[in-house]
Amino acid sequence: MSHFKPPYLGAAYYPEDWPPEQVDADMRLMLDAGLNVARVGEFAWSRMEPREGRYDFDWLHRVVRKLGEAGIATIMCTPTCTPPIWLAARYPEILAVDDQGRQAQHGARRHVCPNSPVYRGHCARIAERLGAEFGKDENVIGWQIDNEVYLWQGLGCYCDVCMTTFREVLRERYGDIEALNAAWGTHLWSQTYESLAHLPPPRSDTWHHPSLLTAWITFQGDSQVEYVKHQAQILHRLVSQPVGTDMMPVLGVNYHGMHRALDLVQYNHYDAMGTLWRQVFWMDMVRSVKDAPFWNTETATCWNGSTTANGYKEPGFCRANSWLPIALGGEANLYWLWRAHWSGQELMHGSVVSSCGRPLHIFDEVKEISAGFKAAGEFLTGTRPTPPGLAVHCSGLASAIFRFQPMTQGFDYVEGLIHRVHRPLMNAHLRADVIDPAKPLDAYRVVFSPFLPALDEGDLRRRLRAWIEAGGTWIVGPLSDNRTLDATKYTHAPFGCLEDWAGVRCVYQIPGDPREFSLRWSDGRASTGSIWYDGFEPGQAEVLATYTDGPFESLAAATENKLGDGRIVVLGTLPVADHLESLMLALTARVGIALAAEASENVLVVPRRGDAGEGAVVVELENESGTVTLGGAMTDLLTGTQHVGQVEVSPYQVMVLRA
Amino acid sequence: MSHFKPPYLGAAYYPEDWPPEQVDADMRLMLDAGLNVARVGEFAWSRMEPREGRYDFDWLHRVVRKLGEAGIATIMCTPTCTPPIWLAARYPEILAVDDQGRQAQHGARRHVCPNSPVYRGHCARIAERLGAEFGKDENVIGWQIDNEVYLWQGLGCYCDVCMTTFREVLRERYGDIEALNAAWGTHLWSQTYESLAHLPPPRSDTWHHPSLLTAWITFQGDSQVEYVKHQAQILHRLVSQPVGTDMMPVLGVNYHGMHRALDLVQYNHYDAMGTLWRQVFWMDMVRSVKDAPFWNTETATCWNGSTTANGYKEPGFCRANSWLPIALGGEANLYWLWRAHWSGQELMHGSVVSSCGRPLHIFDEVKEISAGFKAAGEFLTGTRPTPPGLAVHCSGLASAIFRFQPMTQGFDYVEGLIHRVHRPLMNAHLRADVIDPAKPLDAYRVVFSPFLPALDEGDLRRRLRAWIEAGGTWIVGPLSDNRTLDATKYTHAPFGCLEDWAGVRCVYQIPGDPREFSLRWSDGRASTGSIWYDGFEPGQAEVLATYTDGPFESLAAATENKLGDGRIVVLGTLPVADHLESLMLALTARVGIALAAEASENVLVVPRRGDAGEGAVVVELENESGTVTLGGAMTDLLTGTQHVGQVEVSPYQVMVLRA
Amino acid sequence: MSHFKPPYLGAAYYPEDWPPEQVDADMRLMLDAGLNVARVGEFAWSRMEPREGRYDFDWLHRVVRKLGEAGIATIMCTPTCTPPIWLAARYPEILAVDDQGRQAQHGARRHVCPNSPVYRGHCARIAERLGAEFGKDENVIGWQIDNEVYLWQGLGCYCDVCMTTFREVLRERYGDIEALNAAWGTHLWSQTYESLAHLPPPRSDTWHHPSLLTAWITFQGDSQVEYVKHQAQILHRLVSQPVGTDMMPVLGVNYHGMHRALDLVQYNHYDAMGTLWRQVFWMDMVRSVKDAPFWNTETATCWNGSTTANGYKEPGFCRANSWLPIALGGEANLYWLWRAHWSGQELMHGSVVSSCGRPLHIFDEVKEISAGFKAAGEFLTGTRPTPPGLAVHCSGLASAIFRFQPMTQGFDYVEGLIHRVHRPLMNAHLRADVIDPAKPLDAYRVVFSPFLPALDEGDLRRRLRAWIEAGGTWIVGPLSDNRTLDATKYTHAPFGCLEDWAGVRCVYQIPGDPREFSLRWSDGRASTGSIWYDGFEPGQAEVLATYTDGPFESLAAATENKLGDGRIVVLGTLPVADHLESLMLALTARVGIALAAEASENVLVVPRRGDAGEGAVVVELENESGTVTLGGAMTDLLTGTQHVGQVEVSPYQVMVLRA
C-alpha cells in the first residue's frame with residue numbers, strides 16, 4: 001500500500017508547538033539528516049479539539065502532507081495521554097486518584113483513570129475523528145495509541161470506578177467471597193472477608209496481604225490493556241494502517257495480552273552508555289511479542305532529561321543505539337525528539353536539532369546512520385533474525401508476585417533476569433527469545449524458566465508437559481513453580497509439579513542471604529550458587545551439581561531427568577555467570593542450537609536469513625574494541641569491505657554482513 | 001496444678017489456617033522435635049467469632065485437647081490484635097487514625113485504637129468467652145493478651161477519642177491550663193494555650209514543643225498499658241492460669257507499670273547473628289520486670305522475614321539463641337512459628353517445619369535443644385540466676401525525652417545503653433539487672449544511672465537518697481538529672497540535685513559533637529570521654545578523672561563523694577568502654593560484688609543457685625571459640641562431662657554447669 | 001538621636017520567658033560580657049496581647065528601660081512570626097496550608113498565610129500598638145519586622161486566598177489567559193488553559209510545568225515581601241528608628257525588592273567551622289543590598305541546635321565569626337541567644353549564658369570581642385569597606401529557575417556561585433560586591449554574570465548594554481541569557497542577545513554530565529571546563545580558550561569582544577578554580593582594580609577607608625596559621641602592635657589595621 005519503505009529512521013515531531021511556517025525548515029533539516037518518518041499527534045489533543053466537540057485537524061493535515069511530499073512518512077498518535085483542560089475541568093472524575101486519595105492535577109500526563117467510562121467516551125470520540133481524518137491517508141504508515149501506558153504513581157488509580165471494577169473482576173474470577181478467602185488464605189490475622197464490598201483499596205501505608213496486592217496490581221495493569229484495546233477496536237474500524245502502542249522496558253502491564261489486539265509492537269527506551277547492553281534483553285523480549293518487525297518509537301540521540309540534561313554520550317553511541325533495534329528484529333528507529341522543546345517539563349531533553357533549529361553535535365552521526373539504513377535496506381527487509389531455538393521466560397505476573405514477595409532479601413526479578421540470566425547468554429553468544437509464559441513453545445528446543453513462580457500462567461504447565469514429552473529441554477529454577485495463580489504457596493510440596501516431573505525431592509530450602517553456598521559440578525569444577533538454595537535428594541534423576549557446604553551439604557544442587565522424549569534440568573540455585581554459561585552451552589549444543597558467532601563479549605552478533613540471503617548484524621556495545629570471527633567470507637554492506645576470519649570491531653562499530 | 005513442667009520448648013501454632021485433620025501430623029512432628037508447649041489463638045478472632053455474637057471454639061478445644069493428650073501444653077492468646085471484618089466494617093471508629101488523619105485499613109494488625117470504648121467492649125466480650133472456655137482447662141498453662149502492643153505507626157492513634165482522653169489525662173495531671181503553660185514554658189513562640197481544648201494532636205509534619213510530644217507519646221504508651229490491663233482484669237476473674245502479654249525489645253510502652261497487672265513476663269525477640277549479644281541487655285531487663293521466670297514467647301529458628309526470607313544463620317545459632325532466655329532467667333522458649341504460613345504477609349518467615357510439613361534444616365538442632373532442656377530441667381527449675389547486686393537504670397520516659405530531645409547530635413538512648421554501657425559490663429563479666437526507675441533498690445549495692453534525665457520518675461530521687469545514705473553506691477551521668485518530669489530543664493542549676501548531693505559544681509557543659517575530648521584518670525591513665533561533657537569544680541568531692549583538653553581543661557570529669565553511708569560517683573562524660581569497665585570493676589569490687597566468671601568476652605556466664613544447688617549456664621554468643629575458667633570442678637549436665645580450670649567453649653556451645 | 005554607638009555587640013533576649021526580677025542578673029552579666037545591645041519582642045505576641053485587644057507592654061517597657069539605663073540599647077521586634085492561640089483558634093484561616101492541603105498547627109512558627117487579609121489586620125494592630133509604645137523610645141535603636149520570612153514548607157501557602165491572589169498576579173502580568181499560554185508554551189501535553197481559574201495550585205506530587213512552578217514560587221516569595229512592606233509602612237508612620245527584617249542566607253525571597261521599603265539590612269547566619277568562609281559570599285551580598293552598614297542580627301556563640309546541641313567550635317571561632325560581619329560592612333553582631341531556653345523547641349541551642357545563668361565557656365571570648373569592638377570602634381565607624389569596583393550577579397529569579405530547571409544534572413545555583421565562582425575570587429583576594437540584577441552598575445568597572453538565565457530581570461539587559469558601551473567589562477556565562485522572564489528558552493538562538501553582543505555563534509551545547517571536557521587557554525595552558533559547555537565560532541571575537549576534545553574540539557570555549565568602550569567576555573564553560581582566578585585577575589587588573597591584599601588563602605583582608613583614615617580588617621577563617629603582607633606600616637588597633645611587611649596571622653586571629 002505505502003510507497004514508504006523500511007527500515008525507517010525518524011523522530012517525534014511536535015508541530016503543535018511551533019509556528020506553522022516552521023515545518024518547511026524542519027522538513028529541509030529532516031531530509032538533510034536522511035530521516036524518512038516522523039511521529040506526530042502525541043499529546044496534541046488541545047490542538048485537535050480545542051473546545052469540546054470543536055475539532056481542528058487542518059494544521060495536522062498540512063504537516064502530514066508536506067512531510068509526505070518530501071518522502072517522509074507519518075506515524076499518527078492518539079493524544080489521549082493528555083486530556084485538554086476543558087475535559088479535566090468539566091469531568092474531573094476522569095482524573096486518576098492516588099492511594100492517598102489525591103486526585104491528579106492538570107498539567108501532568110498519564111494522569112487519567114483507565115476505567116473511567118467518561119474518559120473512555122472522550123477517547124473514543126477523538127480516536128474516531130482522528131481515524132476518520134487519517135485512516136486512509138497514504139502518508140500515514142501506522143498508528144500509536146496513547147503513550148507509554150502505565151500505572152498512575154506505580155500503583156494505579158484508586159477512584160470509585162476502579163474499586164467497583166476491581167470487585168467485579170474478583171467476582172468473575174472467584175465467584176463468591178468464600179472462594180476468595182479460601183484461595184488467599186485469609187484466616188490468618190482474621191482477614192477473612194464477608195463480602196467483596198469489604199475489600200479495601202490497598203494503600204501503600206498498610207501492610208497488606210500479598211495476594212490482595214498482586215490481584216490489585218494485576219487488575220490495574222489489565223485496566224491499561226483494556227484501555228488500549230478500546231482504542232484499537234475503534235481504529236481498526238476506521239484505519240487501514242497497522243496499530244500499536246509504545247511500550248516501555250518495564251513489566252507492569254501484560255504486553256503479550258495487549259498485543260493480541262494490536263498489529264505491531266512499538267517500543268521506547270533510554271539507556272546510558274554503561275547500560276546499553278541491557279537493551280538486548282528487552283529487544284529480545286520486544287521482538288518475541290509478535291511475529292512482525294517492531295518499531296523502536298523512542299530513543300535519545302544523546303542525553304535524555306526533563307528540565308535537566310543528563311548523560312552526554314561519546315561519539316558512536318548514537319550509531320550503536322540506533323542500529324540495535326534493527327539488529328534485533330526491528331524495522332524502525334525514531335529519536336525523541338526532532339526539535340528540542342522551548343518550554344515545559346522536558347525542555348532539556350536531547351534532540352536532533354535544537355530549539356532554535358541548529359543541528360546538534362550528533363547530526364552527522366544521524367546522517368551516517370540514515371545512509372547505512374539505505375545501503376543495507378534491501379538486505380535487512382529481505383531477512384529476519386534467525387530463530388534461535390532457545391527461549392527464556394519473562395513474566396509480568398512473576399514481576400508482580402516478586403514485587404510483593406521478594407522471597408529472598410533484595411531480590412529483584414527483572415535485574416535477576418537481565419544481569420544473572422540473560423547477560424551470561426549474551427557472553428556465550430547464545431541468542432534467545434525472551435518470551436511470555438502464554439507464548440506457544442513450538443519454535444523452541446530449549447526453554448529456560450528461572451524465577452517463574454506461577455507455572456499455571458497462560459496454561460503453561462499443561463503445554464510445557466506436552467512440549468517436554470515431545471522432546472523439549474526445560475531448564476527450570478530457582479524460585480520457579482512455587483506459587484499458585486493466587487500468589488500463595490503450595491501446601492503438598494514446595495512446588496506444584498517440579499518434584500514429580502523431575503523425580504527429585506526437595507529436602508531443604510535456604511535463602512541466599514546473608515551469604516552464598518558452594519557446590520561442585522559433576523565434572524569436578526568448584527562453584528557457588530546465588531539468590532536461593534533448594535537441596536534435592538536426586539531420586540531417579542542425574543545429579544549435575546552437589547552442594548559442598550551448608551546444611552544441605554551433599555544434596556543435589558542441580559539435576560537432570562528424562563520426561564517422555566524430553567528433559568528437565570532443575571536448578572536449586574542459580575549458578576554464577578560462568579557456570580550458567582557453560583551449562584547453557586552444553587544443553588543447547590546437545591539439541592543442535594548453534595552459537596550466533598565466536599566473538600568478544602562486547603560484540604553483539606545477530607544472524608539473519610531470508611529471501612535476501614544470509615548474514616548478520618554486528619554491533620559493538622561497550623565503546624571498546626572487539627572481534628568477531630566469521631565462518632566464511634562476508635561483505636559489510638555499510639562499507640563494501642569484504643571480511644573473513646577474525647575481524648576487528650572498533651568501538652560502537654556496526655556491520656551489516658552478507659554472506 | 002499443671003502436669004506440664006518447665007523448662008518449656010515450643011512454638012506458635014496457627015491451626016485456624018490448616019485443615020482440622022492436620023493437627024495429628026503436626027503433633028507427631030512436635031513430639032519428634034521434643035516440644036512441650038504450643039501457643040495458639042493469636043489473631044484467630046475471625047475463627048472464634050465468625051459473625052458478631054456467634055462463637056465457635058470447638059475447633060480450638062480439639063486442638064488443645066489433642067496437644068494436651070500428647071503432653072504438649074498450650075498457651076492461649078486473646079485474638080484482639082486483629083479484629084474481624086464485621087467489627088472493622090460495622091464499627092469503623094475502632095480503627096486507629098494516624099497523624100495525617102488516615103483511618104487504618106482492614107488487613108493489617110495492631111490497627112486499632114487502644115482507647116476506643118467500642119473496641120474495648122468487643123475485646124471484653126471475646127476475652128470473657130475465651131476465658132470461660134479455657135480458664136480452667138488444665139492443658140492451658142498460661143495466657144497471652146493480644147500481641148506486641150505498640151503505638152500505631154510509632155506515634156499512636158489520633159482519633160477523637162484519643163484526643164479527648166489525652167486532654168483528660170492532662171487535666172488530671174496539671175489541673176488547669178495555666179499550670180500546664182507554666183510547666184511546659186509555653187511563653188516561647190507565643191505557644192501559651194487558653195484551654196486544653198486548644199492542644200493540637202501533634203502531627204509529625206510540625207515542629208512541636210518537646211514537652212507536648214513527650215506527653216503525647218507517654219499518653220499513647222499508657223493507653224496501651226490500660227488496654228492490656230482491661231483484658232487482664234477480665235481474665236483474672238475467669239482463669240486460673242497466669243496471664244501476660246508478649247512484649248518487645250523497644251521502650252515505647254511502660255512495661256514496668258503494665259506488669260503490675262500481669263502475672264508473668266512474655267517476651268519476643270529476633271536478632272541476626274551479629275547482634276545476638278544485644279539480647280543479654282534486653283533479657284537482663286525482661287528478667288527484672290517481675291520476680292518470676294519469664295517466657296520467651298517468640299524467636300526465630302533461623303531466618304525471620306515477612307514476604308522475604310532474611311538472614312540464614314549458621315549451625316549452632318538456634319542452640320545459643322534458644323538457651324539464652326533460659327540462661328538469663330526464663331523458663332520457656334517458643335519459636336515463631338511452628339509450620340510456615342502458606343499465604344499472607346509472613347509466608348517467608350522461618351519456622352520449625354515448612355508449609356508442606358517438611359522439617360527445616362534446624363530440626364535436628366531443635367531436637368538437641370529439647371533434649372538438653374530435659375537433661376538440665378531439674379537443675380534449671382531448682383535454681384535461679386544469682387542476684388547480681390548491680391543494677392543499671394533503663395527508662396521508658398528517658399527514651400521518650402531523648403526521642404524528642406536527643407540533646408547531642410545523633411545520640412540514641414537505647415543504643416547508648418546497649419553498646420556503651422551494658423556491653424562493657426558484659427565484657428567484664430559483671431552481671432547486672434536492667435531496671436525501671438520505679439523498681440525498689442533494696443536488692444542492689446551498686447546502681448548505675450546513665451542518661452537518666454528525669455530523676456523524679458517513679459519517686460526515684462527520694463528513694464535513691466535514702467538508699468545511698470543507707471550505704472548504696474550510685475554512679476550517675478552523663479545526661480542524668482537534667483530534666484523535670486515535664487521534659488524541661490531545671491533553671492536553678494544544670495541538674496535537679498546532683499551538684500548538691502555530689503558536692504560539685506558544673507562549670508561548663510559541651511556536647512560531644514563533632515569531636516570528643518581527652519581526660520586523665522587519677523591513676524594516670526590517659527583516656528577520652530564520649531557523648532557529652534560536664535566539667536566540674538570538685539568542691540569537697542574526690543576527683544576520679546580530669547579533662548586534659550577543651551575549654552574545661554583541668555576541671556573534673558568524674559568525681560566521687562560520700563553521702564551518708566553511701567557514695568555518689570558522678571560521670572561528666574561517658575568513659576570509653578575499657579575505662580568504664582575498669583571503673584565499674586573497681587566500684588563493684590569495693591562492695592563485694594563478685595564477677596560472674598573469668599571468661600573470654602564472647603562467652604556469657606550466668607551463675608545460678610537455689611534448692612537444686614549451684615552452678616552456671618554458659619552460652620557462646622559470637623560463633624567463635626572461647627574459654628571459661630571454673631573455680632572448682634563442675635559437671636556439664638548436657639554432656640555429663642566434668643570440667644575444672646580453664647575450659648574451651650566451642651562456637652555457639654551451651655553448657656549447664658553444676659558444681 | 002541615639003546615645004548608643006556602634007559597633008554593637010549583643011544578643012537576643014527573651015524576658016517573656018523568665019521571672020521579671022531576673023532581668024537584673026541578666027543585665028549584670030551582659031555588662032560583664034561587654035554587650036551594648038539586646039534584641040527583644042520576637043515571638044512574644046502572647047505576652048504583648050494575651051487576649052484579643054487586651055495589651056500588656058509594661059513588662060517590656062521595664063526591660064527596655066532597665067537595659068537602657070545600663071547602657072544597653074534595644075532592637076525591638078514585631079512578634080508576628082508566632083500568632084497567639086486566640087488568633088489561631090478563632091481565625092484558623094490565617095494558618096498556612098501546605099501543598100497537601102494540611103492546615104498548619106499551632107505550636108510552630110512562620111505557619112501563617114502571608115496574604116491573609118485577616119492576619120494582615122491583626123499584624124497591623126500589634127505593629128501599631130508596638131510602634132506607638134516604643135517608636136520614640138530613645139533606648140530603642142531599631143526595629144525588626146517578624147523573623148526570617150520564608151516560604152511555608154519551602155513551597156508557600158496553598159490556601160484559597162493565596163490561589164486567588166496568585167491568579168490576580170498572573171492577570172496583572174499577562175492580561176489574559178491566551179497571553180499566558182503563549183508565554184509559557186502550554187500547547188505541549190495539552191496543558192493549554194482556558195481560564196486563570198483553571199490554573200492548579202502546583203502540588204509537589206505532580207510533574208508540573210517549570211514556568212508554572214517558577215511563577216508560583218516567585219509569587220510566594222513576593223507575598224513575603226508584601227507582608228514585610230505592610231508592617232514597614234505602619235512602623236514608618238509611628239517610629240523614628242530604622243526598620244528592617246532579619247533575612248537568611250537563602251534566595252527564596254527578593255531581598256533587593258524588599259529592602260526598598262526598609263531602612264537597614266538585618267541578617268542571620270549559622271555556620272560550622274568548616275563552612276565559615278561561605279559567609280564571606282553572603283555578607284558580600286548582604287552589604288550590597290543597601291548603602292548602609294548591615295546588622296548581623298543572629299549568629300551562634302558556639303553550637304546551634306534545636307533539641308540537639310550541634311557542633312562545638314574551637315577557641316577563636318567565636319572571635320572570627322563575630323568580627324566577620326564587622327569586617328565585611330556590618331556594624332552590629334548579635335548572638336542567638338543570650339540565656340539558653342529552659343524549655344521548648346530550641347532549648348539545646350548555644351548561648352552566652354546557660355539556662356541557669358552560668359557563663360558558657362565562650363564568655364571570656366565574648367568579653368575579648370566586646371573589648372575589641374570598643375578599641376577599634378572609632379576607626380570602624382569612621383571608615384567603610386573600600387568599594388571593590390567588581391560585582392558578581394546573584395539572582396533570586398535565577399535560583400527559582402534553576403530550582404525547577406537545573407539544566408544540567410546535579411547543578412545547584414547557590415553552591416555553584418559560592419564554591420566555583422566566589423571562592424576563587426576569595427583565593428585571589430579580589431574583593432567583590434555580590435549584587436542583585438536590579439542594582440545599578442555605576443559603581444563597578446567589572447561585572448561577572450555566571451548562571452544568570454534571565455537577563456531581563458530588573459531591566460538588566462538594557463542597563464548592561466549602556467554600561468558596557470560606556471566602558472564596563474562584562475564577563476558572562478555559562479548558562480546565562482538563556483531564559484526569558486517566563487522561564488522558557490529563546491527560539492531564535494540559544495541566547496537572548498549574547499551572540500549578537502559578543503559577535504560569536506554557538507555551534508554546540510553539551511551538559512557537563514557525566515564528564516568534563518578539556519580546553520587550552522590562548523597562552524598555552526591546558527585546562528578543563530565544568531558544569532556546561534557552549535562551543536563557539538568566534539566570528540569577530542578574540543578567542544581566549546579553545547576546546548581540545550569532545551564534539552566541539554577546536555571551537556572557542558571563551559571569547560572576548562569589544563562593545564562601545566567596553567568589553568564582553570563570554571564563558572562557554574566555567575573554568576576550573578585556578579584558571580578562573582587568573583582570568584579574573586587579568587580582567588580586573590586591566591581596568592585598575594587592585595587586590596585587597598597579598599595574603600594566604602585562609603586569611604580574609606577587607607580594606608577600609610573613610611574619615612577615620614585607611615586600613616583593613618583581617619580575619620583568619622580556617623583555624624590555621626596564615627600570612628598577610630602589608631604595603632606599609634600599620635597598627636593593629638586590637639593589640640596596639642605595629643606591623644609591616646609579611647605578618648603572621650594566627651588561627652582565627654582578627655586584626656584591625658590602621659595605616
# chains A, B, ... in the order shown; residues from 1 in each chain; ligands from 1
$ residues_around --residues "Gly458 (chain B)" --least-positions-apart "4" --cutoff "10 Å" --atoms "only C-alpha atoms" --output "VMD selection string"
chain B and resid 257 436 to 440 454 462 to 463
$ residues_around --residues "Arg520 (chain A)" --least-positions-apart "6" --cutoff "6 Å" --atoms "only C-alpha atoms" --output "ChimeraX atom specification"
/A:526-527,545-546
$ select_by_dssp --residues "region 359-598 of chain C" --states "helix (DSSP H, G or I)" --output "PDB file with C-alpha atoms, in the first residue's frame"
ATOM      1  CA  PHE C 363      32.106  34.021  77.772  1.00  0.00           C
ATOM      2  CA  ASP C 364      35.691  35.256  78.021  1.00  0.00           C
ATOM      3  CA  GLU C 365      35.972  35.206  74.268  1.00  0.00           C
ATOM      4  CA  VAL C 366      32.878  37.420  74.088  1.00  0.00           C
ATOM      5  CA  LYS C 367      34.465  39.802  76.538  1.00  0.00           C
ATOM      6  CA  GLU C 368      37.577  39.966  74.386  1.00  0.00           C
ATOM      7  CA  ILE C 369      35.422  40.682  71.329  1.00  0.00           C
ATOM      8  CA  SER C 370      33.487  43.456  73.032  1.00  0.00           C
ATOM      9  CA  ALA C 371      36.756  44.982  74.165  1.00  0.00           C
ATOM     10  CA  GLY C 372      37.990  44.868  70.595  1.00  0.00           C
ATOM     11  CA  PHE C 373      34.808  46.497  69.297  1.00  0.00           C
ATOM     12  CA  LYS C 374      35.403  49.326  71.723  1.00  0.00           C
ATOM     13  CA  ALA C 375      39.098  49.667  70.955  1.00  0.00           C
ATOM     14  CA  ALA C 376      38.560  49.816  67.223  1.00  0.00           C
ATOM     15  CA  GLY C 377      35.148  51.448  67.316  1.00  0.00           C
ATOM     16  CA  GLU C 378      36.110  54.911  66.265  1.00  0.00           C
ATOM     17  CA  PHE C 379      38.123  53.689  63.280  1.00  0.00           C
ATOM     18  CA  LEU C 380      35.381  51.242  62.267  1.00  0.00           C
ATOM     19  CA  THR C 381      32.572  53.775  62.347  1.00  0.00           C
ATOM     20  CA  GLY C 396      16.587  35.121  43.298  1.00  0.00           C
ATOM     21  CA  LEU C 397      14.871  34.560  39.988  1.00  0.00           C
ATOM     22  CA  ALA C 398      17.859  32.565  38.750  1.00  0.00           C
ATOM     23  CA  SER C 399      17.600  30.494  41.872  1.00  0.00           C
ATOM     24  CA  ALA C 400      13.914  29.788  41.166  1.00  0.00           C
ATOM     25  CA  ILE C 401      14.589  28.968  37.519  1.00  0.00           C
ATOM     26  CA  PHE C 402      17.379  26.552  38.375  1.00  0.00           C
ATOM     27  CA  ARG C 403      15.298  25.020  41.164  1.00  0.00           C
ATOM     28  CA  PHE C 404      12.809  23.813  38.585  1.00  0.00           C
ATOM     29  CA  TYR C 413      22.903  27.522  41.627  1.00  0.00           C
ATOM     30  CA  VAL C 414      23.927  28.816  45.035  1.00  0.00           C
ATOM     31  CA  GLU C 415      26.582  26.177  45.554  1.00  0.00           C
ATOM     32  CA  GLY C 416      27.895  26.953  42.091  1.00  0.00           C
ATOM     33  CA  LEU C 417      28.156  30.640  42.950  1.00  0.00           C
ATOM     34  CA  ILE C 418      29.766  30.106  46.325  1.00  0.00           C
ATOM     35  CA  HIS C 419      32.177  27.272  45.595  1.00  0.00           C
ATOM     36  CA  ARG C 420      33.043  27.740  41.964  1.00  0.00           C
ATOM     37  CA  VAL C 421      32.815  31.485  41.446  1.00  0.00           C
ATOM     38  CA  HIS C 422      33.182  33.385  44.706  1.00  0.00           C
ATOM     39  CA  ARG C 423      35.734  31.113  46.345  1.00  0.00           C
ATOM     40  CA  PRO C 424      38.276  31.594  43.524  1.00  0.00           C
ATOM     41  CA  LEU C 425      37.816  35.357  43.949  1.00  0.00           C
ATOM     42  CA  MET C 426      38.478  34.987  47.683  1.00  0.00           C
ATOM     43  CA  ASN C 427      41.568  32.934  46.953  1.00  0.00           C
ATOM     44  CA  GLU C 457      15.347  40.755  35.283  1.00  0.00           C
ATOM     45  CA  GLY C 458      15.356  44.244  36.723  1.00  0.00           C
ATOM     46  CA  ASP C 459      15.776  45.709  33.224  1.00  0.00           C
ATOM     47  CA  LEU C 460      19.348  44.492  33.366  1.00  0.00           C
ATOM     48  CA  ARG C 461      19.829  43.824  29.662  1.00  0.00           C
ATOM     49  CA  ARG C 462      19.178  47.420  28.722  1.00  0.00           C
ATOM     50  CA  ARG C 463      21.228  48.867  31.543  1.00  0.00           C
ATOM     51  CA  LEU C 464      24.089  46.448  30.930  1.00  0.00           C
ATOM     52  CA  ARG C 465      24.347  47.450  27.299  1.00  0.00           C
ATOM     53  CA  ALA C 466      24.654  51.095  28.225  1.00  0.00           C
ATOM     54  CA  TRP C 467      27.131  50.341  30.966  1.00  0.00           C
ATOM     55  CA  ILE C 468      29.319  48.213  28.686  1.00  0.00           C
ATOM     56  CA  GLU C 469      29.279  50.754  25.930  1.00  0.00           C
ATOM     57  CA  LEU C 498      24.719  37.154  23.769  1.00  0.00           C
ATOM     58  CA  GLU C 499      25.731  36.060  20.285  1.00  0.00           C
ATOM     59  CA  ASP C 500      24.882  39.443  18.915  1.00  0.00           C
ATOM     60  CA  TRP C 501      26.722  41.451  21.549  1.00  0.00           C
ATOM     61  CA  ALA C 502      29.715  39.162  21.669  1.00  0.00           C
ATOM     62  CA  ALA C 577      39.129  27.487  40.036  1.00  0.00           C
ATOM     63  CA  ASP C 578      42.796  28.330  39.355  1.00  0.00           C
ATOM     64  CA  HIS C 579      42.137  29.406  35.831  1.00  0.00           C
ATOM     65  CA  LEU C 580      39.005  31.350  36.678  1.00  0.00           C
ATOM     66  CA  GLU C 581      41.153  33.106  39.253  1.00  0.00           C
ATOM     67  CA  SER C 582      43.861  34.027  36.761  1.00  0.00           C
ATOM     68  CA  LEU C 583      41.280  35.163  34.224  1.00  0.00           C
ATOM     69  CA  MET C 584      39.568  37.390  36.773  1.00  0.00           C
ATOM     70  CA  LEU C 585      42.897  38.780  37.911  1.00  0.00           C
ATOM     71  CA  ALA C 586      43.821  39.678  34.358  1.00  0.00           C
ATOM     72  CA  LEU C 587      40.484  41.271  33.545  1.00  0.00           C
ATOM     73  CA  THR C 588      40.292  43.310  36.735  1.00  0.00           C
ATOM     74  CA  ALA C 589      43.915  44.359  36.621  1.00  0.00           C
ATOM     75  CA  ARG C 590      43.375  45.737  33.148  1.00  0.00           C
TER      76      ARG C 590
END
$ residues_around --residues "Pro293 (chain A)" --least-positions-apart "6" --cutoff "12 Å" --atoms "only C-alpha atoms" --output "PyMOL selection string"
chain A and resi 6-8+242+263-267+283-284+286-287+325-333+380-385
$ atom_distance --atom1 "CA of Ala292 (chain C)" --atom2 "CA of Cys81 (chain C)"
25.7 Å
$ atom_distance --atom1 "CA of Ala556 (chain C)" --atom2 "CA of Glu516 (chain C)"
15.6 Å
$ closest_atom_pairs --of "chain B" --to "chain A" --cutoff "6 Å" --atoms "only C-alpha atoms" --output "CSV"
residue,atom,partner,partner_atom,distance
B:Asp17,CA,A:His187,CA,5.8
B:Phe43,CA,A:Trp189,CA,4.7
B:Ala44,CA,A:Ser190,CA,5.7
B:Trp45,CA,A:Ser190,CA,5.9
B:Ser46,CA,A:Ser190,CA,4.8
B:Thr82,CA,A:Trp189,CA,5.6
B:Pro84,CA,A:Ser190,CA,5.2
B:Ile85,CA,A:Tyr193,CA,6.0
B:Gly107,CA,A:Gln191,CA,5.4
B:Ala108,CA,A:Trp207,CA,5.5
B:Thr307,CA,A:Gln405,CA,4.5
B:Thr308,CA,A:Met407,CA,4.1
B:Ala309,CA,A:Thr408,CA,4.8
B:Asn310,CA,A:Gln409,CA,5.6
B:Gly311,CA,A:Asp513,CA,5.2
B:Tyr312,CA,A:Asp513,CA,6.0
B:Trp342,CA,A:Lys489,CA,4.9
B:Ser343,CA,A:Thr488,CA,4.8
B:Gly344,CA,A:His209,CA,5.1
B:Gln345,CA,A:His209,CA,5.2
B:Ser355,CA,A:Thr491,CA,5.8
B:Cys356,CA,A:Thr491,CA,4.6
